[in-house]
Structure formats: C-alpha cells, structure tokens
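K.L.:
Take a look at this one; I'll ask things after.
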Amino acid sequence: MNFPISQAHLAPSVLVALGFVVGALGGFFGVGGSFIAGPALFGLGLPMNFVVGTDLAHIVGKSIVAARKHHFLGNLDRKLAVLMVVGTVPGVEAGARTVEALKRAADIDLVIGVAFIVILVAVSGFMAWEGWATLRHRPTRAEKKNGDHSAFSFVAKRVQRLRLPPYVSLPVSGIPRVSVWAIFGVSLAGGYLSGLLGGGAGYIRMPSMIYLLGVPTHIAVGTDLFEVIISAGVGTFTHALKGNVDILIALVMHAGAAIGAQLGAYLTQYISGPRIRLAFVPLPLVGAAIVAHALLTGQHAP
Amino acid sequence: MKRPELKTELRVFAAEVVVYGVFVSGYLWALHRYLGGWLDHLFTDRRLAYAVVALVLVIAQGILLEQLTHVLAQWIMPKRFRREDRHP
C-alpha cells in the first residue's frame, strides 16, 4: 500500500503485526515500545524523520487503549498521574531543547546513542538484580498479603520520609505521605528523557515510580501509560507541525496495537509484581543492542 | 496463577482477534480510500490543521478501538468471566 504523506510503500499487514507486538509489550510493561518500533519502521524503509514522529503518534493511540484497560482493572492512580503531568510536560520541552543544542555542539547521534545504551543497560542490570533479590527474599506477612514486594523498598521508604513540603497522600498506591517534589523529580526526569531520546520513556519512569516512590508494580504500569499519553501527545503535535508524522501509517499500526495492548493488560493479572519486573529485564537490552548496531553500522539511531 | 481463567481468556481473545480483524480491515480500507487524499492535502498546505487533525484522529481511534475491543470481549466472553474489576 502506498502512503501518500511519506511517499512510503509498506505492507499494512506488517504494520498491523508490528503494532500488535509493541502493543502487547506496552500493555504488559507500561512502556511505549519506541525502542523496538522505531528501528523496525526504519528497517521497513520509512525515512528517519517520519520514523520518530509516526512512532510517537501510534504510541498515543496505543497507550489510550492500554491505560483505559488498566483503569478498568484498578491499576491507575489518577491523583499521581495528574501530579506527574506537571513535571512531564516541561521535561519533554527541556529534552527537546537539549537535542537542539546538541545538534549545534556535537555529534548528536553518537552522544544520544551512547546515552541511550548506558541508560538502558543500567536500568536492565538494576532490575535484574532487584527482581532476583526480591524473589529470593522471604516476604513478610504484610508483603504476602499485598502480593508485591521489593528488595529495594528501603529507598522508597526514605523518599517517602523526605521532609520537603508540600506533601500529598496517594491512597490508591498505598502511600500515606510523600513530598510533591519527589513526584515532580521523577516525572521531570521521565519527560526529559522522552524529549531527549524519543518515545514515551516508560523504561525509566516505570522503574522510578516503583523503586523511588514506592508505587506497587501494577499501579506503576497503569499510571505510567497515562504519562506516556501526555509526553507522546506533546511530541506528536510538535513533530506533526514539523512534517515528521505520517498519520495514516500511525493509524494502521495502532489498529494492531489496540488488540495487543488489551492482551498485555489482561496478562498482568496473572503474574506477580516481582515477576513482571524480572520479565522486563531483556527489553531495554534489546533496545540497547539495536542502538549499538545502528551506531556501529553507521545508521542513524531513532 | 489462575490457569483455567487464563485459558478461557486466551481462547476468548483468539476469537476476538478474528472478529476484530474483519472489522479493522474494512475500517483501514475506508480510512485510506476516503481520508488519504484529504490528509495529504492538509499535510502539504495547512500544517497546523494537519497537526491538530492527526492528534484528534489518533486519540479518537484509540477510544473507538478500545470500546470495540471491550464490546467484543463482553459479547464473546462466557458470563461467569465477565468481571472488569479484578485485581491481583
């Protein structure tokens, strides 16, 4: 099928299948999946500027489906999600401005590519260690009842004790009191990486919500999807203005992602928090490997 | 793990995919046939309008397809599994 906006000739069935895979990953882990969809679209022959913008557009639609599904399942902390928007939006803008500055000052592909690899490998390594330690740790009665525990929970407890007013309580996440500044910091960092590296940055925001704020894994997945909608929505609009979005390709991909996201969200009901976190470990490594390959072979990383 | 429930839900999901595939194929054909030219014109001549329409379209499709998959799941799923408020 010929897509007139980008002048690309792509098979809709391949786009739907790609959307399905990325949608299932997003529904299960609460991530946008841009680190897989971006390189795949590039490999199918879409020009690089359309890869970045179109991927963001499809992420918006897919995350709406998954976030609503998680909302029905009780996995969305609306209060936390709204508070995080305050940090996410300026973070995206700051990240985009850093990209503009890097364009003028350095080899942007190398700098962003290396930063991407370091962050993804660090996230994956940390989650592997934490997931393994948690599964080996014998949970207390309270943790057993809760169904979600972490070997790293002492850090979240320290963050929750931070004396930096104003404070807010998050009953849905089971957090009696936490500084608004801690929430703002996590969302600002997630938004910044979204603007700098592209995609929704769920790979950093979702673990940060669990380990730094102490949000239960299932709620972190659902709430992170809401943030992905915001950051990817802002990104879609600005990229569309710059002529980087082929909305027809995004809509076709989203048709596959909608059903994949539903499957991913359903599966979270059957797997405990520590196991979801452990299953997440290979994902950032796949993204890091794709970026490393693109850098080594001279292709531009999305 | 609640394996019998998981098995039923996966079976329901497979049936849902088939019905969904038929609906979506028709929808995508219509989208390309009737909106393709108009969107291309907006992209070339009215970029701001294109950006707004692109965002509205993807959000509207997100809500529409979520509703469609929800209705399909309710229609296909056996009555005893029709619970949307489950939490691990």
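Residues in the structure tokens are named by chain (A, B, ... in the order shown) and by number from 1 within that chain; ligands are numbered from 1 in the order shown.
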Return the neighbours of chain B among the residues of chain A, cut-off 6 Å, counting only C-alpha atoms, as a list in words.
P.N.:
Ile5, Gly61, Ile64, Val65, Phe72, Leu73, Phe237, Ala240, Leu241, Ile247, Gln269 and Tyr270 of chain A
K.L.:
Need the shell around stretch 166-182 of chain A: protein/DNA/RNA residues with any atom at most 6 Å away, counting only C-alpha atoms. Skip same-chain ones fewer than 5 positions apart. Format as a list in words?
P.N.:
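Counting only C-alpha atoms, the residues come to Asp77, Gln160 and Val215 of chain A.
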K.L.:
Write the selection just made, keeping N, CA and C atoms, as a PDB file, in the first residue's frame?
P.N.:
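Okay, this is what ended up in part12.pdb:
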ATOM      1  N   ASP A  77      -3.544   5.181  39.226  1.00  0.00           N
ATOM      2  CA  ASP A  77      -3.646   6.137  40.328  1.00  0.00           C
ATOM      3  C   ASP A  77      -3.807   7.507  39.686  1.00  0.00           C
ATOM      4  N   GLN A 160       9.855   8.539  50.809  1.00  0.00           N
ATOM      5  CA  GLN A 160       8.544   8.896  51.379  1.00  0.00           C
ATOM      6  C   GLN A 160       8.689   9.683  52.685  1.00  0.00           C
ATOM      7  N   VAL A 215       5.526   2.972  44.483  1.00  0.00           N
ATOM      8  CA  VAL A 215       4.225   2.645  43.877  1.00  0.00           C
ATOM      9  C   VAL A 215       4.208   1.149  43.547  1.00  0.00           C
TER      10      VAL A 215
END
K.L.:
Using backbone DSSP assignments, extract all strand (DSSP E or B) residues from stretch 73-214 of chain A; output them as a list in words.
P.N.:
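The strand (DSSP E or B) subset of stretch 73-214 of chain A is Tyr167, Val168, Ser169, Leu170, Ile175, Pro176, Arg177, Val178 and Ser179 of chain A.
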K.L.:
Quick one: residues within 8 Å of stretch 106-120 of chain A, only C-alpha atoms counted, chain neighbours fewer than 4 positions away excluded, as number ranges by chain?
P.N.:
A: 99, 102, 124, 196-197, 203, 284-285, 287-289, 291-292, 295, 300-301
K.L.:
Could those residues be written to a file, using C-alpha atoms, as a short mmCIF file (atom, residue, chain, number, x, y, z; two decimals), in the first residue's frame?
P.N.:
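part_29.cif was written with the following content:
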data_model
loop_
_atom_site.label_atom_id
_atom_site.label_comp_id
_atom_site.auth_asym_id
_atom_site.auth_seq_id
_atom_site.Cartn_x
_atom_site.Cartn_y
_atom_site.Cartn_z
CA VAL A 99 18.55 17.92 21.31
CA LEU A 102 23.44 19.06 20.80
CA SER A 124 18.09 -3.57 32.84
CA LEU A 196 15.92 13.75 24.55
CA LEU A 197 15.77 10.12 23.41
CA TYR A 203 11.56 2.31 30.57
CA PRO A 284 15.92 -2.43 27.49
CA LEU A 285 18.80 -4.72 26.39
CA GLY A 287 16.74 -1.54 22.62
CA ALA A 288 20.40 -1.03 23.60
CA ALA A 289 21.52 -3.72 21.10
CA VAL A 291 21.02 1.34 19.01
CA ALA A 292 24.55 -0.14 19.30
CA LEU A 295 25.87 3.25 15.70
CA HIS A 300 21.22 6.89 12.44
CA ALA A 301 19.57 5.66 15.63
#
K.L.:
Set the distance at 8 Å and use only C-alpha atoms: which residues neighbour A:Gly235 once local chain neighbours fewer than 3 positions away are removed? I'd like the list as a VMD selection string.
P.N.:
chain A and resid 53 56 92 195 231 to 232 238 to 239
K.L.:
Let me see the file: selected residues, N, CA and C atoms, as a short mmCIF file (atom, residue, chain, number, x, y, z; two decimals), in the first residue's frame.
P.N.:
data_model
loop_
_atom_site.label_atom_id
_atom_site.label_comp_id
_atom_site.auth_asym_id
_atom_site.auth_seq_id
_atom_site.Cartn_x
_atom_site.Cartn_y
_atom_site.Cartn_z
N GLY A 53 8.45 10.75 14.39
CA GLY A 53 7.13 11.36 14.58
C GLY A 53 5.99 10.36 14.52
N LEU A 56 5.73 8.13 17.59
CA LEU A 56 5.12 8.85 18.72
C LEU A 56 3.60 8.88 18.58
N VAL A 92 9.71 17.19 28.81
CA VAL A 92 9.75 16.90 27.37
C VAL A 92 10.36 18.09 26.64
N GLY A 195 11.89 13.59 25.80
CA GLY A 195 12.23 14.65 24.83
C GLY A 195 13.60 14.45 24.22
N SER A 231 3.32 12.67 27.23
CA SER A 231 4.60 13.00 26.61
C SER A 231 4.57 12.70 25.10
N ALA A 232 3.98 11.57 24.71
CA ALA A 232 3.91 11.23 23.28
C ALA A 232 2.93 12.15 22.55
N THR A 238 4.12 18.47 18.07
CA THR A 238 5.26 19.27 17.60
C THR A 238 5.91 18.63 16.36
N HIS A 239 6.00 17.31 16.33
CA HIS A 239 6.57 16.65 15.15
C HIS A 239 5.66 16.79 13.93
#
K.L.:
Mind pulling up the distance from atom CA of A:His71 to atom CA of A:Met209?
P.N.:
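We find that atom CA of A:Met209 and atom CA of A:His71 lie 17.2 Å from each other.
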K.L.:
Please identify all polymer residues within 12 Å of A:Val281, counting only C-alpha atoms, omitting same-chain residues fewer than 5 positions from it, and present them as a ChimeraX atom specification.
P.N.:
/A:29,120-132,203,207,274-276,286-288
K.L.:
For the residues in the current selection, export C-alpha atoms as a CSV table (one decimal), in the first residue's frame.
P.N.:
chain,number,residue,atom,x,y,z
A,29,PHE,CA,5.0,-3.4,31.0
A,120,LEU,CA,19.1,1.1,29.1
A,121,VAL,CA,21.8,-1.3,30.2
A,122,ALA,CA,21.8,0.4,33.7
A,123,VAL,CA,18.0,0.0,34.0
A,124,SER,CA,18.1,-3.6,32.8
A,125,GLY,CA,21.0,-4.5,35.1
A,126,PHE,CA,19.5,-2.9,38.1
A,127,MET,CA,16.0,-4.5,37.6
A,128,ALA,CA,17.6,-7.9,37.0
A,129,TRP,CA,19.5,-7.7,40.3
A,130,GLU,CA,16.5,-6.3,42.2
A,131,GLY,CA,14.0,-8.8,40.7
A,132,TRP,CA,16.3,-11.7,41.5
A,203,TYR,CA,11.6,2.3,30.6
A,207,PRO,CA,11.0,1.6,37.4
A,274,PRO,CA,8.4,-9.1,41.0
A,275,ARG,CA,8.0,-11.4,38.1
A,276,ILE,CA,6.7,-8.6,35.8
A,286,VAL,CA,17.1,-5.3,23.0
A,287,GLY,CA,16.7,-1.5,22.6
A,288,ALA,CA,20.4,-1.0,23.6
K.L.:
Enumerate the residues of stretch 21-270 of chain A with a DSSP assignment of alpha helix (DSSP H), computed from the backbone, and present them as JSON, numbers by chain.
P.N.:
{"A": [21, 22, 23, 24, 25, 26, 27, 28, 29, 34, 35, 36, 37, 38, 39, 40, 41, 42, 43, 44, 48, 49, 50, 51, 52, 53, 54, 55, 56, 57, 58, 59, 60, 61, 62, 63, 64, 65, 66, 67, 68, 69, 70, 71, 72, 78, 79, 80, 81, 82, 83, 84, 85, 86, 87, 88, 89, 90, 91, 92, 93, 94, 95, 96, 97, 98, 99, 100, 101, 102, 103, 104, 105, 108, 109, 110, 111, 112, 113, 114, 115, 116, 117, 118, 119, 120, 121, 122, 123, 124, 125, 126, 127, 128, 129, 130, 131, 132, 133, 134, 135, 136, 141, 142, 143, 144, 145, 146, 153, 154, 155, 156, 157, 158, 159, 160, 161, 180, 181, 182, 183, 184, 185, 186, 187, 188, 189, 190, 191, 192, 193, 194, 195, 196, 197, 202, 203, 204, 205, 206, 207, 208, 217, 218, 219, 220, 221, 222, 223, 224, 225, 226, 227, 228, 229, 230, 231, 232, 233, 234, 235, 236, 237, 238, 239, 240, 241, 247, 248, 249, 250, 251, 252, 253, 254, 255, 256, 257, 258, 259, 260, 261, 262, 263, 264, 265, 266, 267]}
K.L.:
Determine, counting only C-alpha atoms, which protein, DNA and RNA residues have an atom within 9 Å of an atom of A:Leu41; residues of the same chain fewer than 4 positions away are not included. Present the result as a PyMOL selection string.
P.N.:
chain A and resi 15+18+36-37+45-48+51+55
K.L.:
Would you mind exporting N, CA and C atoms of the selected residues as a PDB file, in the first residue's frame?
P.N.:
ATOM      1  N   LEU A  15       2.625  -3.730   9.209  1.00  0.00           N
ATOM      2  CA  LEU A  15       2.444  -2.624  10.162  1.00  0.00           C
ATOM      3  C   LEU A  15       1.506  -3.028  11.303  1.00  0.00           C
ATOM      4  N   LEU A  18       3.438  -5.441  13.565  1.00  0.00           N
ATOM      5  CA  LEU A  18       4.404  -4.688  14.379  1.00  0.00           C
ATOM      6  C   LEU A  18       3.672  -3.960  15.509  1.00  0.00           C
ATOM      7  N   ILE A  36      11.705  -0.468  20.038  1.00  0.00           N
ATOM      8  CA  ILE A  36      11.566  -1.602  19.118  1.00  0.00           C
ATOM      9  C   ILE A  36      10.865  -1.138  17.829  1.00  0.00           C
ATOM     10  N   ALA A  37       9.780  -0.362  17.984  1.00  0.00           N
ATOM     11  CA  ALA A  37       9.007   0.077  16.809  1.00  0.00           C
ATOM     12  C   ALA A  37       9.819   1.014  15.915  1.00  0.00           C
ATOM     13  N   GLY A  45      11.843   0.806   5.721  1.00  0.00           N
ATOM     14  CA  GLY A  45      12.094   1.771   4.649  1.00  0.00           C
ATOM     15  C   GLY A  45      11.480   3.137   4.853  1.00  0.00           C
ATOM     16  N   LEU A  46      10.935   3.422   6.055  1.00  0.00           N
ATOM     17  CA  LEU A  46      10.383   4.754   6.325  1.00  0.00           C
ATOM     18  C   LEU A  46      11.533   5.725   6.604  1.00  0.00           C
ATOM     19  N   PRO A  47      11.496   6.933   6.006  1.00  0.00           N
ATOM     20  CA  PRO A  47      12.574   7.905   6.282  1.00  0.00           C
ATOM     21  C   PRO A  47      12.661   8.225   7.779  1.00  0.00           C
ATOM     22  N   MET A  48      13.887   8.535   8.255  1.00  0.00           N
ATOM     23  CA  MET A  48      14.145   8.677   9.696  1.00  0.00           C
ATOM     24  C   MET A  48      13.271   9.735  10.371  1.00  0.00           C
ATOM     25  N   VAL A  51      10.014   8.254  10.975  1.00  0.00           N
ATOM     26  CA  VAL A  51      10.085   7.178  11.985  1.00  0.00           C
ATOM     27  C   VAL A  51       9.795   7.757  13.373  1.00  0.00           C
ATOM     28  N   ASP A  55       6.059   7.099  15.016  1.00  0.00           N
ATOM     29  CA  ASP A  55       6.112   6.200  16.167  1.00  0.00           C
ATOM     30  C   ASP A  55       5.442   6.851  17.379  1.00  0.00           C
TER      31      ASP A  55
END
K.L.:
Find the residues around A:Met253 up to 6 Å (only C-alpha atoms counted), leave out those fewer than 3 positions away in its own chain, and share them as JSON, numbers by chain.
P.N.:
{"A": [15, 16, 19, 250, 256]}
K.L.:
Rounded to one decimal place, report the atom CA of A:Val186-atom CA of A:Ala81 distance in Å.
P.N.:
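Here the two named atoms are 11.7 Å from each other.
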